[in-house]
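S.K.: After the structure tokens below, expect a handful of questions from me.
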Amino acid sequence: SHEPPERIAHHLLQAGRTREAIPLLGEAARWAASVAAFAEGLEWVEEALRHADEAERADLLPLLAELRHRTGDRRAPATYQQAAAAAPDPARRIGLQVQQARASLATGDIEAASRVLDGLDLESAGNVDRAQATLARGLVAWHRGEIADARTLSNEAAALIDAAGLTSEAAEQEDLAAMVAHADGQWDRHVDWR
């Protein structure tokens, strides 16, 4: 029978074999995230980070940020910022900055989200990052009462989300489109009476 990775990691840590424990803790935390066991995942990734070297930190910080974001931890945006700073790959960095902006929106910090999004170079970004960034920018505009900008960004986001085949973002974009329509006073025309 296989022992779960976190149990093996625990034995290794007790034996002082921390180097071998880190990848197992990372594996356990990723598994926990995938089954929505966020509190356990956090414990394991925090444990791994206590012993990690620089390369391992770069690998583990995005996971820590995601788990903090999913548990509603207000440190999530700062953790995404750390993760982005530690990311060796520029494309990965943009994705993490987009997530940082989304985490800031989730904590209600519209200005922080805006600052991050304004600083992004989306020319070099992949489809998913561009779709998520455009949606986040639309939400920022809506929160600021910039309805015309929010509408433009919502429409751009819809096309990018469709092209990237993103499902949860598609639902968010539909919410934004509805909020824009409502703010516009065009609610009746937006609703499709079937």
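Residue numbering restarts at 1 in every chain; chains get A, B, ... in the order shown in the structure tokens, and ligands count up from 1 in that same order.
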Can you pull out every residue within 12 Å of segment 15-21 of chain A, counting only C-alpha atoms, but drop anything in the same chain fewer than 2 positions away, and send it as a PyMOL selection string?

M.R.: chain A and resi 5-13+23-28+44-45+47-53+56

S.K.: List as CSV every residue of segment 88-172 of chain A that is in contact with segment 64-81 of chain A, defined as an atom at most 10 Å from one of its atoms (using only C-alpha atoms), together with the nearest atom pair and the distance in Å rounded to one decimal, sorted by chain and then rising number.

M.R.:
```
residue,atom,partner,partner_atom,distance
A:Arg93,CA,A:Gln81,CA,9.1
A:Gly95,CA,A:Tyr80,CA,9.7
A:Leu96,CA,A:Tyr80,CA,6.0
A:Gln97,CA,A:Gln81,CA,6.6
A:Val98,CA,A:Tyr80,CA,9.0
A:Gln99,CA,A:Tyr80,CA,6.9
A:Gln100,CA,A:Pro77,CA,4.8
A:Ala101,CA,A:Pro77,CA,7.1
A:Arg102,CA,A:Pro77,CA,8.2
A:Ala103,CA,A:Pro77,CA,5.3
A:Ser104,CA,A:Pro77,CA,5.6
A:Leu105,CA,A:Pro77,CA,9.2
A:Ala106,CA,A:Gly72,CA,8.3
A:Thr107,CA,A:Arg74,CA,6.5
A:Gly108,CA,A:Arg74,CA,10.0
A:Asp109,CA,A:Pro77,CA,9.6
A:Ala112,CA,A:Pro77,CA,8.9
A:Ala113,CA,A:Pro77,CA,9.0
A:Val116,CA,A:Gln81,CA,9.4
```

S.K.: Would you pick out the contacts of Ala159 of chain A at 12 Å or less, using only C-alpha atoms, so that residues sharing its chain but fewer than 6 positions from it are not included, and give the list as a VMD selection string?

M.R.: chain A and resid 127 to 128 130 to 132 134 to 135 152 to 153 165 to 166 169 to 170 173 to 174

S.K.: Identify all residues of segment 1-92 of chain A in alpha helix (DSSP H) (DSSP on the backbone) and supply them as a ChimeraX atom specification.

M.R.: /A:5-14,18-34,38-51,54-70,76-86,90-92

S.K.: Between atom CA of Ala158 of chain A and atom CA of Val35 of chain A, measure the distance and give it in Å to one decimal.

M.R.: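 Computing the Euclidean distance for atom CA of Ala158 of chain A and atom CA of Val35 of chain A yields 28.5 Å.
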
S.K.: If you count only C-alpha atoms, which residues fall within 12 Å of Glu54 of chain A, apart from same-chain ones fewer than 6 positions away, as a ChimeraX atom specification?

M.R.: /A:60-61,83,85-88

S.K.: Calculated over only C-alpha atoms, which of the candidates A:Arg92, A:His143, A:Arg137, A:Arg151 has the smallest distance to Ser124 of chain A?

M.R.: A:Arg92

S.K.: Restricting the calculation to only C-alpha atoms, which member of A:Leu139, A:Ala32, A:Leu42, A:Ala58 is positioned closest to Gln82 of chain A?

M.R.: A:Ala58

S.K.: Which is closest to Ile161 of chain A among A:Glu46, A:Asp149, A:Asp129, A:Glu40, if we use only C-alpha atoms?

M.R.: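 Of A:Glu46, A:Asp149, A:Asp129, A:Glu40, the one nearest Ile161 of chain A, counting only C-alpha atoms, is A:Asp129.
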